[in-house]
Number of protein chains: 2
Amino acid sequence: MSATSPAGPSSSTVAEIKEKARRLRILSMMSTTAAGSGHPTSCMSAADLVAGLFFYAMKFDPKNPNSPDGDRFVLSKGHAAPVLYAALAEAGVFPESRLLTLRQASSELEGHPTPLIPGVDAATGSLGQGVSVGAGLAIGARLDGSPTRVYVLTGDGELAEGQIWEAAAFAGHYKLDNLTVVADINALGQSEPTMYEHQMDIYREKFESEGFATEVIDGHDVPAILAALDRAKATKGKPQAIVAHTIKGYGFSEVAGKLGWHGKPFSKDQLAAAIKELGGAWDIPADPGKSYARKSLPRRVDFPALAAPDYDPAKPLATREAYGNALKRIGAVNPRLIALSGDVDNSTFSEIFDKAYPDRFFQAYIAEQNMVSVGVGLAARKFTAFVDTFACFLSRAVDEARMAAISRSNLSLCGSHCGVSIGEDGPSQMGLEDIAIFRAVNGSVVLYPSDAVSAERLTEYMARTNGITYLRTSRPKAAILYSKDEKFPVPGFKVLRQSGQDRVTVIGAGITLHEALKAADDLKAKGTAVRVIDLYCVKPIDGKALAEQIKASSGKLVVVEDHWAEGGVGEAVVSALAQAGAPLTKFRHLAVTRMPHSGKEKELLEIFGISADHIGKAVASLA
Amino acid sequence: MSATSPAGPSSSTVAEIKEKARRLRILSMMSTTAAGSGHPTSCMSAADLVAGLFFYAMKFDPKNPNSPDGDRFVLSKGHAAPVLYAALAEAGVFPESRLLTLRQASSELEGHPTPLIPGVDAATGSLGQGVSVGAGLAIGARLDGSPTRVYVLTGDGELAEGQIWEAAAFAGHYKLDNLTVVADINALGQSEPTMYEHQMDIYREKFESEGFATEVIDGHDVPAILAALDRAKATKGKPQAIVAHTIKGYGFSEVAGKLGWHGKPFSKDQLAAAIKELGGAWDIPADPGKSYARKSLPRRVDFPALAAPDYDPAKPLATREAYGNALKRIGAVNPRLIALSGDVDNSTFSEIFDKAYPDRFFQAYIAEQNMVSVGVGLAARKFTAFVDTFACFLSRAVDEARMAAISRSNLSLCGSHCGVSIGEDGPSQMGLEDIAIFRAVNGSVVLYPSDAVSAERLTEYMARTNGITYLRTSRPKAAILYSKDEKFPVPGFKVLRQSGQDRVTVIGAGITLHEALKAADDLKAKGTAVRVIDLYCVKPIDGKALAEQIKASSGKLVVVEDHWAEGGVGEAVVSALAQAGAPLTKFRHLAVTRMPHSGKEKELLEIFGISADHIGKAVASLA
């Protein structure tokens, strides 16, 4: 379906695309009216652009709509899903009848796109993320030496999202000339006109300032659209933006350009009037109910076993540094490993990987939202993407992680500098909510190593694992706890201190595990036996196995964590035990409960109640 | 300290500012060397700009540094805290000796600024938030008819954050001519040069495209700085940007303009060499240890009691609509109530407030990060700020909420459209992690009403409450459960069904409470008595009071929630009970555990396991 000619498209091509656009409008209206909800007017502003993309510009194989060498389309304005679905149907990916199942519980055609739909690479619907995903797909195509071009259709309401401009800067910086952004400027938001309405020059300036080859067109002028797409394709050395002046609801004069029609399907009478205005429709048979959901989604590539990490047991090392070492070791045997950092790779230690494999490291600068969504784009091309920054700054990209889960993406995130143990930098740099955040990502795995050996092995686990995986690393150097051959299954934990007379079980991870070990050794010297558990895997937890341990200390438990009390290790444990039917007889939860402060690491552990001393007192109060 | 003249600053003024800048550099170096950590080079690039701001441009009263009519300074590049602290000391807010307590646990001068420091309005240190805070302060000053001007100093690394451009667009749109952004373009990030290095024209274009009066200057040329500040002050009708070409570490040739010096204090020898190069220092006496932490922070204004909300018990109403009604009712008696929405006010229902008080509603468009931080700026001026969007899209602003807590801000957030009960729009629009997110904000209150009466009363509670408060509202209409005179204390819950023979307690909130009531009524008809609790306040929880209830059903508990299993109502309850020493004998947690799908509300409650039918079965399995 690719037909570029230097003389421009022929009149028959133009007529064909116009007819496609007409059909897309009608199908978008029919499907939303059938569903009783949805966003027909947002589809109608985009229909000419989508027709030009799918039926003129894009190399698109309906038999292999997610082909890595085909062109890719990202519908950043995800609420215009029906026009995408209509294009897929028109292209022959599934029958038109399927469109009439829109938004039904039994249909893969959900209210907003997900990758379960053929041709879709990432879920959209939280606005402003599509350009980042497209940049990830584009940079991935470049790495693969693929001729793939990536087209991202945005709305204008979503151009208010800062992430769009993070992504534009990223695309401009990396000169992603295989990326074309088509912006559907219909001037109407959900509740009122957009900030810039139809001031097209503002959008032009914004894209130009980010290094895009930019042109403004009439988004309902099909020859202009096709010519702009031709010029975009011919552009070398920079990404392109086609900023299209459109009318929301274009094609149905009762609603076109009017406020108050966002997210509202038309009544049957309105639909009939609209179809009449558009020159009439055709019959669509009843849908036979066959699902076209993708049977297989991208999976990470496998790679050979790594030699065991070999650390000198006498030399403490920060888990964050072990993460960097692991990336390098994995990178040596997994050529699809890619790392991105938010300009802190010399703190998170992905710089170790960067130095070894500079072609596979991308500086994402201080723009965490874009970084995470670029990772989703890379993952869709089966790259093993790792992204890292300080744990606290990943709180900038929670929506992007959420959408990554809806995208069924395989993405690994590492947050360093967790908790008060970072010391002098103070609370703005302390990740104290990251476990709560990443536990609440559907299907996620949350890992929290306490030493370099486990940090390396857990990083390797992440690289082999599909879905969203999160690694929490710590700033301070930590003693080596494990021999190099130790295995760290997921779910799992390690019992580091135990006896037949344990009075209390203490669960820690990261810095607090070391404090717990110290407390246990102190208590042992005083005659109180304490069981100590390293909960290196905070999600999932094998509640039954953990319950057995707690039983051994008569249901007496102390959990200590360098995290807020809410949503962290303590709640994960208590919840898992409750569901396993293991009643706690006595429980103390040591966590950060007051706003922390700058200070020295050890001092802060003391002040905020999670030091060995506090653990000792908590145990004594239960024993 | 304001000295604007059309002829430009006199040579003696220039000399004075140069001497101030010299002193700021020396003090920044001395304090970070004393602390053994910190970012001297980031201070040195900014020293001339900060000197020009504090000692020439700004109306700043060191005896009342947070005066609402004084000019305000926001250090967006929070890691340059020492230069701000030095300026405050030079201005006479506290003695220079205090600077040498930098980053100590006993000092208010933390690694990054917080409002505990006189003159600071909001915590910074997570980059890219200062322009938004400044826009909030500026729009607040305008509302107050105050002559306050707001100056925001940004770095260039942080100009990669999309939020900066959300804020710039907001400031341009609202023509905030009392806002000046001074950008310190030192071209070096933490790990490598910034994306644009010293390509000053790119920054110029970016600010100009957002509607800023923009000029590029040499940030070490004091006369140029002062002249630019004069011109900014004289600009009407648009915000201003002064984009300053600077050198990181300027003033100490050993490090100036060199990579590898981010966040590193100088050794004592380096400090001596630097001071020599800068013309020598002076003696600073030992600090006597007196704290200068602010004794009182901004509090919300009080307002008269509201008449009870009067809903027809026979007419179901969505809690989101009751929130909008409450805003309007509060707005009538509290002139400092301000609401912002992310272009969804016709879904969250703050449009009801907008229609009644359009001067106190600000459209924040689809830019949630900026919206939340603007709220922080407004709160610093003692406005009662409410911000709202869909609950899922607040996941875009988690870092901003986190920083609001560190800012000790008083900010109310409302997230609508929680859970699978929104229906057809699908998972991208379902807030399923918002309770986990907002519970993990330090000091927060998390409220989850189930009917219109409680939604109104809880909104009123929020408006009267300092700190971060979060209201979770639901899309569907819900039956009225409470009479108009019901009170909803925080913490608190309501027991809606109880008897002396309760076999199981069921805790729900929002849509699941209604399902629980239905299940209880069905079970009662079959002879099983069930206690039903409305946990309208998810944080804090009075664990002891709740334990009494659970005891009445022999420790058998079902929690049902329209939220992921992690970090939500269930974990909040189980954790509170464990800490209250109330063992659960049997527990079932009904929550959303699989990725949801589009579909009809009732259908989805069924499919994802949180319907009355599922509750009934869970109770039966425990009873």
# chains A, B, ... in the order shown; residues from 1 in each chain; ligands from 1
$ closest_atom_pairs --of "chain A" --to "chain B" --cutoff "6 Å" --atoms "only C-alpha atoms" --output "JSON lines"
{"residue": "A:Arg103", "atom": "CA", "partner": "B:Ser598", "partner_atom": "CA", "distance": 5.3}
{"residue": "A:Gln104", "atom": "CA", "partner": "B:Gly599", "partner_atom": "CA", "distance": 4.9}
{"residue": "A:Ala105", "atom": "CA", "partner": "B:Gly599", "partner_atom": "CA", "distance": 4.2}
{"residue": "A:Glu110", "atom": "CA", "partner": "B:Ser598", "partner_atom": "CA", "distance": 5.3}
{"residue": "A:Gly111", "atom": "CA", "partner": "B:Asp425", "partner_atom": "CA", "distance": 4.5}
{"residue": "A:Gly125", "atom": "CA", "partner": "B:Ser428", "partner_atom": "CA", "distance": 5.5}
{"residue": "A:Ala160", "atom": "CA", "partner": "B:Ile366", "partner_atom": "CA", "distance": 5.5}
{"residue": "A:Glu161", "atom": "CA", "partner": "B:Ala367", "partner_atom": "CA", "distance": 4.8}
{"residue": "A:Gly162", "atom": "CA", "partner": "B:Gly162", "partner_atom": "CA", "distance": 3.6}
{"residue": "A:Gln163", "atom": "CA", "partner": "B:Gly162", "partner_atom": "CA", "distance": 5.1}
{"residue": "A:Trp165", "atom": "CA", "partner": "B:Gly162", "partner_atom": "CA", "distance": 5.9}
{"residue": "A:Glu166", "atom": "CA", "partner": "B:Gly162", "partner_atom": "CA", "distance": 5.2}
{"residue": "A:Ser191", "atom": "CA", "partner": "B:Asp343", "partner_atom": "CA", "distance": 5.5}
{"residue": "A:Ile202", "atom": "CA", "partner": "B:Ser209", "partner_atom": "CA", "distance": 5.9}
{"residue": "A:Glu205", "atom": "CA", "partner": "B:Ser209", "partner_atom": "CA", "distance": 5.7}
{"residue": "A:Lys206", "atom": "CA", "partner": "B:Ser209", "partner_atom": "CA", "distance": 5.8}
{"residue": "A:Ser209", "atom": "CA", "partner": "B:Glu205", "partner_atom": "CA", "distance": 5.7}
{"residue": "A:Asp343", "atom": "CA", "partner": "B:Ser191", "partner_atom": "CA", "distance": 5.5}
{"residue": "A:Val344", "atom": "CA", "partner": "B:Ser191", "partner_atom": "CA", "distance": 5.9}
{"residue": "A:Asn346", "atom": "CA", "partner": "B:Ser191", "partner_atom": "CA", "distance": 5.9}
{"residue": "A:Ile366", "atom": "CA", "partner": "B:Ala160", "partner_atom": "CA", "distance": 5.6}
{"residue": "A:Ala367", "atom": "CA", "partner": "B:Glu161", "partner_atom": "CA", "distance": 4.8}
{"residue": "A:Ser395", "atom": "CA", "partner": "B:Asp399", "partner_atom": "CA", "distance": 4.8}
{"residue": "A:Arg396", "atom": "CA", "partner": "B:Asp399", "partner_atom": "CA", "distance": 5.0}
{"residue": "A:Val398", "atom": "CA", "partner": "B:Ser395", "partner_atom": "CA", "distance": 5.5}
{"residue": "A:Asp399", "atom": "CA", "partner": "B:Ser395", "partner_atom": "CA", "distance": 4.8}
{"residue": "A:Glu424", "atom": "CA", "partner": "B:Arg103", "partner_atom": "CA", "distance": 5.4}
{"residue": "A:Asp425", "atom": "CA", "partner": "B:Gly111", "partner_atom": "CA", "distance": 4.5}
{"residue": "A:Gly426", "atom": "CA", "partner": "B:Gly111", "partner_atom": "CA", "distance": 5.4}
{"residue": "A:Ser428", "atom": "CA", "partner": "B:Gly125", "partner_atom": "CA", "distance": 5.5}
{"residue": "A:Glu433", "atom": "CA", "partner": "B:Ala440", "partner_atom": "CA", "distance": 5.7}
{"residue": "A:Ala440", "atom": "CA", "partner": "B:Glu566", "partner_atom": "CA", "distance": 5.2}
{"residue": "A:Glu566", "atom": "CA", "partner": "B:Ala440", "partner_atom": "CA", "distance": 5.2}
{"residue": "A:Gly567", "atom": "CA", "partner": "B:Gly567", "partner_atom": "CA", "distance": 4.5}
{"residue": "A:Glu571", "atom": "CA", "partner": "B:Ser575", "partner_atom": "CA", "distance": 6.0}
{"residue": "A:Ser575", "atom": "CA", "partner": "B:Glu571", "partner_atom": "CA", "distance": 5.9}
{"residue": "A:Pro583", "atom": "CA", "partner": "B:Pro583", "partner_atom": "CA", "distance": 5.6}
{"residue": "A:Ser598", "atom": "CA", "partner": "B:Glu110", "partner_atom": "CA", "distance": 5.3}
{"residue": "A:Gly599", "atom": "CA", "partner": "B:Ala105", "partner_atom": "CA", "distance": 4.2}
$ write_last_selection --atoms "N, CA, C and O atoms" --output "compact mmCIF listing (two decimals), in the first residue's frame"
# COMPACT_ATOMS: atom_id res chain seq x y z
N ARG A 103 -16.09 -2.12 22.35
CA ARG A 103 -16.31 -1.84 23.77
C ARG A 103 -17.11 -2.92 24.51
O ARG A 103 -17.51 -2.71 25.65
N GLN A 104 -17.33 -4.04 23.86
CA GLN A 104 -18.01 -5.13 24.56
C GLN A 104 -17.00 -5.96 25.34
O GLN A 104 -15.84 -6.09 24.94
N ALA A 105 -17.45 -6.53 26.43
CA ALA A 105 -16.55 -7.30 27.29
C ALA A 105 -15.94 -8.48 26.53
O ALA A 105 -14.84 -8.93 26.86
N GLU A 110 -11.36 -2.81 22.47
CA GLU A 110 -11.72 -2.08 23.69
C GLU A 110 -11.89 -0.58 23.41
O GLU A 110 -11.59 -0.09 22.32
N GLY A 111 -12.31 0.12 24.44
CA GLY A 111 -12.55 1.56 24.32
C GLY A 111 -11.32 2.33 23.88
O GLY A 111 -11.41 3.36 23.21
N GLY A 125 -4.31 5.91 25.47
CA GLY A 125 -5.55 6.31 26.13
C GLY A 125 -5.24 7.22 27.31
O GLY A 125 -6.05 8.05 27.68
N ALA A 160 -0.64 19.47 25.27
CA ALA A 160 -0.38 20.17 26.54
C ALA A 160 0.45 19.32 27.49
O ALA A 160 1.03 19.85 28.44
N GLU A 161 0.50 18.03 27.26
CA GLU A 161 1.28 17.14 28.13
C GLU A 161 2.77 17.38 27.91
O GLU A 161 3.27 17.24 26.77
N GLY A 162 3.49 17.64 28.96
CA GLY A 162 4.93 17.87 28.83
C GLY A 162 5.66 16.70 28.21
O GLY A 162 6.69 16.87 27.54
N GLN A 163 5.14 15.50 28.43
CA GLN A 163 5.83 14.33 27.89
C GLN A 163 5.97 14.40 26.38
O GLN A 163 6.96 13.89 25.81
N TRP A 165 6.68 16.89 24.69
CA TRP A 165 7.84 17.74 24.35
C TRP A 165 9.14 17.10 24.83
O TRP A 165 10.20 17.33 24.23
N GLU A 166 9.06 16.28 25.86
CA GLU A 166 10.22 15.46 26.22
C GLU A 166 10.54 14.53 25.05
O GLU A 166 11.70 14.36 24.66
N SER A 191 -13.50 19.62 27.64
CA SER A 191 -14.40 20.52 28.37
C SER A 191 -14.49 21.90 27.75
O SER A 191 -15.43 22.63 28.03
N ILE A 202 1.88 28.42 16.47
CA ILE A 202 2.49 28.08 17.77
C ILE A 202 2.97 26.64 17.74
O ILE A 202 4.09 26.33 18.16
N GLU A 205 6.10 26.39 15.64
CA GLU A 205 7.29 26.85 16.36
C GLU A 205 7.76 25.82 17.38
O GLU A 205 8.95 25.60 17.56
N LYS A 206 6.80 25.23 18.08
CA LYS A 206 7.17 24.28 19.13
C LYS A 206 7.89 23.07 18.53
O LYS A 206 8.93 22.64 19.03
N SER A 209 11.31 24.11 17.19
CA SER A 209 12.32 24.35 18.22
C SER A 209 12.91 23.04 18.74
O SER A 209 13.99 23.03 19.31
N ASP A 343 19.94 10.78 33.06
CA ASP A 343 21.11 11.61 33.39
C ASP A 343 21.65 11.34 34.79
O ASP A 343 22.17 12.23 35.44
N VAL A 344 21.51 10.11 35.26
CA VAL A 344 22.09 9.76 36.56
C VAL A 344 22.83 8.43 36.48
O VAL A 344 23.00 7.75 37.48
N ASN A 346 25.77 7.75 36.28
CA ASN A 346 26.95 7.64 37.15
C ASN A 346 26.55 7.47 38.61
O ASN A 346 27.41 7.23 39.46
N ILE A 366 16.98 14.31 31.75
CA ILE A 366 16.11 14.36 32.94
C ILE A 366 14.66 14.45 32.48
O ILE A 366 14.02 15.50 32.54
N ALA A 367 14.15 13.35 32.01
CA ALA A 367 12.81 13.30 31.41
C ALA A 367 12.31 11.87 31.58
O ALA A 367 12.30 11.07 30.65
N SER A 395 8.84 8.15 40.40
CA SER A 395 7.48 8.58 40.74
C SER A 395 6.97 9.60 39.72
O SER A 395 5.80 9.96 39.72
N ARG A 396 7.87 10.05 38.85
CA ARG A 396 7.49 10.92 37.75
C ARG A 396 6.82 10.14 36.62
O ARG A 396 6.21 10.75 35.73
N VAL A 398 4.81 7.16 36.85
CA VAL A 398 3.91 6.11 37.32
C VAL A 398 2.84 5.81 36.27
O VAL A 398 2.51 4.65 36.01
N ASP A 399 2.33 6.85 35.66
CA ASP A 399 1.31 6.64 34.63
C ASP A 399 1.90 5.85 33.46
O ASP A 399 1.23 4.98 32.88
N GLU A 424 22.58 12.77 53.27
CA GLU A 424 22.60 14.23 53.32
C GLU A 424 21.75 14.93 52.27
O GLU A 424 21.41 16.10 52.44
N ASP A 425 21.44 14.28 51.17
CA ASP A 425 20.70 14.98 50.12
C ASP A 425 19.28 15.37 50.55
O ASP A 425 18.67 16.26 49.97
N GLY A 426 18.76 14.66 51.53
CA GLY A 426 17.45 15.03 52.06
C GLY A 426 16.28 14.38 51.36
O GLY A 426 16.45 13.61 50.40
N SER A 428 13.85 15.06 49.30
CA SER A 428 13.46 15.14 47.88
C SER A 428 14.18 14.09 47.05
O SER A 428 13.71 13.75 45.96
N GLU A 433 8.43 5.66 48.40
CA GLU A 433 7.11 5.20 47.97
C GLU A 433 7.22 4.26 46.78
O GLU A 433 6.22 3.80 46.24
N ALA A 440 1.81 -1.83 42.94
CA ALA A 440 0.49 -1.54 42.40
C ALA A 440 0.48 -1.45 40.88
O ALA A 440 -0.41 -0.86 40.30
N GLU A 566 3.20 2.70 54.35
CA GLU A 566 2.09 2.33 53.46
C GLU A 566 2.58 1.67 52.17
O GLU A 566 3.41 2.24 51.46
N GLY A 567 2.03 0.50 51.89
CA GLY A 567 2.25 -0.12 50.59
C GLY A 567 3.59 -0.79 50.39
O GLY A 567 3.87 -1.27 49.29
N GLU A 571 3.33 -4.11 54.60
CA GLU A 571 1.96 -4.42 54.17
C GLU A 571 1.93 -5.61 53.23
O GLU A 571 0.99 -6.40 53.25
N SER A 575 -0.26 -8.74 54.44
CA SER A 575 -1.34 -9.13 53.54
C SER A 575 -1.15 -10.58 53.07
O SER A 575 -2.11 -11.37 53.04
N PRO A 583 -2.29 -16.34 61.32
CA PRO A 583 -2.50 -15.19 62.20
C PRO A 583 -1.21 -14.76 62.90
O PRO A 583 -0.40 -15.59 63.30
N SER A 598 17.78 15.81 55.98
CA SER A 598 19.19 15.55 55.67
C SER A 598 19.92 15.08 56.92
O SER A 598 19.55 15.43 58.04
N GLY A 599 20.97 14.33 56.73
CA GLY A 599 21.79 13.87 57.86
C GLY A 599 22.67 12.72 57.41
O GLY A 599 22.66 12.35 56.23
$ residues_around --residues "Ile139 in chain B" --least-positions-apart "3" --cutoff "10 Å" --atoms "only C-alpha atoms" --output "list in words"
Val133, Gly134, Ala135, Gly136, Arg142, Leu143, Asp144, Gly145, Val150, Ala171, Tyr174, Lys175, Leu176, Asp177, Asn178, Leu179, Phe362, Val374, Gly377, Leu378 and Arg381 of chain B
$ residues_around --residues "Pro476 in chain A" --least-positions-apart "3" --cutoff "12 Å" --atoms "only C-alpha atoms" --output "list in words"
Pro316, Leu317, Ala318, Thr319, Arg320, Glu321, Ala322, Ser347, Thr348, Ser416, His417, Cys418, Gly419, Val420, Ser421, Ile422, Gly423, Ser450, Asp451, Ala452, Thr473, Ala479, Gly510, Ile511, Thr512, His514, Lys600, Glu601 and Lys602 of chain A
$ closest_residue --among "A:Ser454, A:Gln240, A:Gln270, A:Gln501" --to "Phe252 in chain A" --atoms "only C-alpha atoms"
A:Gln270
$ select_by_dssp --residues "range 217-256 of chain B" --states "strand (DSSP E)" --output "list in words"
Ile217, Asp218, Gln240, Ala241, Ile242, Val243, Ala244 and His245 of chain B
$ write_last_selection --atoms "all heavy atoms" --output "mmCIF file, in the first residue's frame"
data_model
loop_
_atom_site.group_PDB
_atom_site.id
_atom_site.type_symbol
_atom_site.label_atom_id
_atom_site.label_comp_id
_atom_site.auth_asym_id
_atom_site.auth_seq_id
_atom_site.Cartn_x
_atom_site.Cartn_y
_atom_site.Cartn_z
ATOM 1 N N ILE B 217 21.294 36.164 27.572
ATOM 2 C CA ILE B 217 22.371 37.033 28.088
ATOM 3 C C ILE B 217 23.559 36.188 28.513
ATOM 4 O O ILE B 217 23.471 34.965 28.585
ATOM 5 C CB ILE B 217 21.899 37.866 29.305
ATOM 6 C CG1 ILE B 217 21.521 36.935 30.480
ATOM 7 C CG2 ILE B 217 20.751 38.789 28.944
ATOM 8 C CD1 ILE B 217 21.333 37.669 31.798
ATOM 9 N N ASP B 218 24.633 36.870 28.791
ATOM 10 C CA ASP B 218 25.789 36.234 29.431
ATOM 11 C C ASP B 218 25.530 36.261 30.938
ATOM 12 O O ASP B 218 25.457 37.328 31.544
ATOM 13 C CB ASP B 218 27.056 37.028 29.079
ATOM 14 C CG ASP B 218 28.300 36.525 29.823
ATOM 15 O OD1 ASP B 218 28.160 35.698 30.767
ATOM 16 O OD2 ASP B 218 29.406 36.962 29.464
ATOM 17 N N GLN B 240 8.249 36.422 31.404
ATOM 18 C CA GLN B 240 9.547 36.687 30.799
ATOM 19 C C GLN B 240 10.522 35.544 31.085
ATOM 20 O O GLN B 240 10.453 34.915 32.125
ATOM 21 C CB GLN B 240 10.157 37.992 31.355
ATOM 22 C CG GLN B 240 9.185 39.163 31.398
ATOM 23 C CD GLN B 240 8.459 39.209 32.748
ATOM 24 O OE1 GLN B 240 9.085 39.042 33.779
ATOM 25 N NE2 GLN B 240 7.149 39.447 32.723
ATOM 26 N N ALA B 241 11.400 35.328 30.143
ATOM 27 C CA ALA B 241 12.483 34.357 30.348
ATOM 28 C C ALA B 241 13.813 35.046 30.074
ATOM 29 O O ALA B 241 13.979 35.693 29.034
ATOM 30 C CB ALA B 241 12.313 33.157 29.422
ATOM 31 N N ILE B 242 14.719 34.934 31.027
ATOM 32 C CA ILE B 242 16.088 35.398 30.827
ATOM 33 C C ILE B 242 16.954 34.151 30.748
ATOM 34 O O ILE B 242 17.079 33.415 31.723
ATOM 35 C CB ILE B 242 16.532 36.307 31.993
ATOM 36 C CG1 ILE B 242 15.636 37.547 32.061
ATOM 37 C CG2 ILE B 242 18.008 36.682 31.847
ATOM 38 C CD1 ILE B 242 15.860 38.397 33.304
ATOM 39 N N VAL B 243 17.447 33.882 29.557
ATOM 40 C CA VAL B 243 18.190 32.648 29.321
ATOM 41 C C VAL B 243 19.670 33.003 29.374
ATOM 42 O O VAL B 243 20.183 33.707 28.506
ATOM 43 C CB VAL B 243 17.798 32.036 27.960
ATOM 44 C CG1 VAL B 243 18.490 30.706 27.764
ATOM 45 C CG2 VAL B 243 16.282 31.875 27.870
ATOM 46 N N ALA B 244 20.327 32.510 30.418
ATOM 47 C CA ALA B 244 21.669 32.991 30.733
ATOM 48 C C ALA B 244 22.737 31.946 30.412
ATOM 49 O O ALA B 244 22.699 30.830 30.933
ATOM 50 C CB ALA B 244 21.745 33.380 32.204
ATOM 51 N N HIS B 245 23.658 32.331 29.561
ATOM 52 C CA HIS B 245 24.812 31.480 29.238
ATOM 53 C C HIS B 245 25.764 31.539 30.425
ATOM 54 O O HIS B 245 26.277 32.600 30.773
ATOM 55 C CB HIS B 245 25.471 32.042 27.975
ATOM 56 C CG HIS B 245 26.654 31.271 27.477
ATOM 57 N ND1 HIS B 245 27.818 31.108 28.197
ATOM 58 C CD2 HIS B 245 26.861 30.616 26.306
ATOM 59 C CE1 HIS B 245 28.679 30.391 27.499
ATOM 60 N NE2 HIS B 245 28.118 30.074 26.348
#
$ select_by_dssp --residues "range 559-612 of chain B" --states "alpha helix (DSSP H)" --output "ChimeraX atom specification"
/B:569-579,601-607,612
$ residues_around --residues "Tyr482 in chain A" --least-positions-apart "4" --cutoff "12 Å" --atoms "only C-alpha atoms" --output "PyMOL selection string"
chain A and resi 308-314+316+449-457+478+486-488+494-496+534
$ residues_around --residues "range 504-508 of chain A" --least-positions-apart "5" --cutoff "10 Å" --atoms "only C-alpha atoms" --output "PyMOL selection string"
chain A and resi 448+450+493-495+497-498+513-517+519-520+528-536+549-562+569-570+573+586-590+610+615-616+618-620+622-623
$ residues_around --residues "range 46-61 of chain B" --least-positions-apart "2" --cutoff "7 Å" --atoms "only C-alpha atoms" --output "ChimeraX atom specification"
/B:1-3,17,20-21,24-25,42-44,63-65,70-71,83,87,184,219-220,222,225-226,229
$ residues_around --residues "Asp283 in chain B" --least-positions-apart "4" --cutoff "12 Å" --atoms "only C-alpha atoms" --output "list of chain:residue names"
B:Ile26, B:Leu27, B:Met30, B:Glu96, B:Ser97, B:Leu100
$ atom_distance --atom1 "CA of Ala307 in chain A" --atom2 "CA of Ala463 in chain A"
15.0 Å
$ closest_residue --among "B:Gly251, B:Gly467, B:Gly140, B:Gly500" --to "Ser28 in chain B" --atoms "only C-alpha atoms"
B:Gly251
$ closest_residue --among "A:Gly375, A:Pro223, A:Arg294, A:Asp521" --to "Ala15 in chain A" --atoms "only C-alpha atoms"
A:Pro223
$ atom_distance --atom1 "CA of Leu99 in chain B" --atom2 "CA of Phe266 in chain B"
15.8 Å
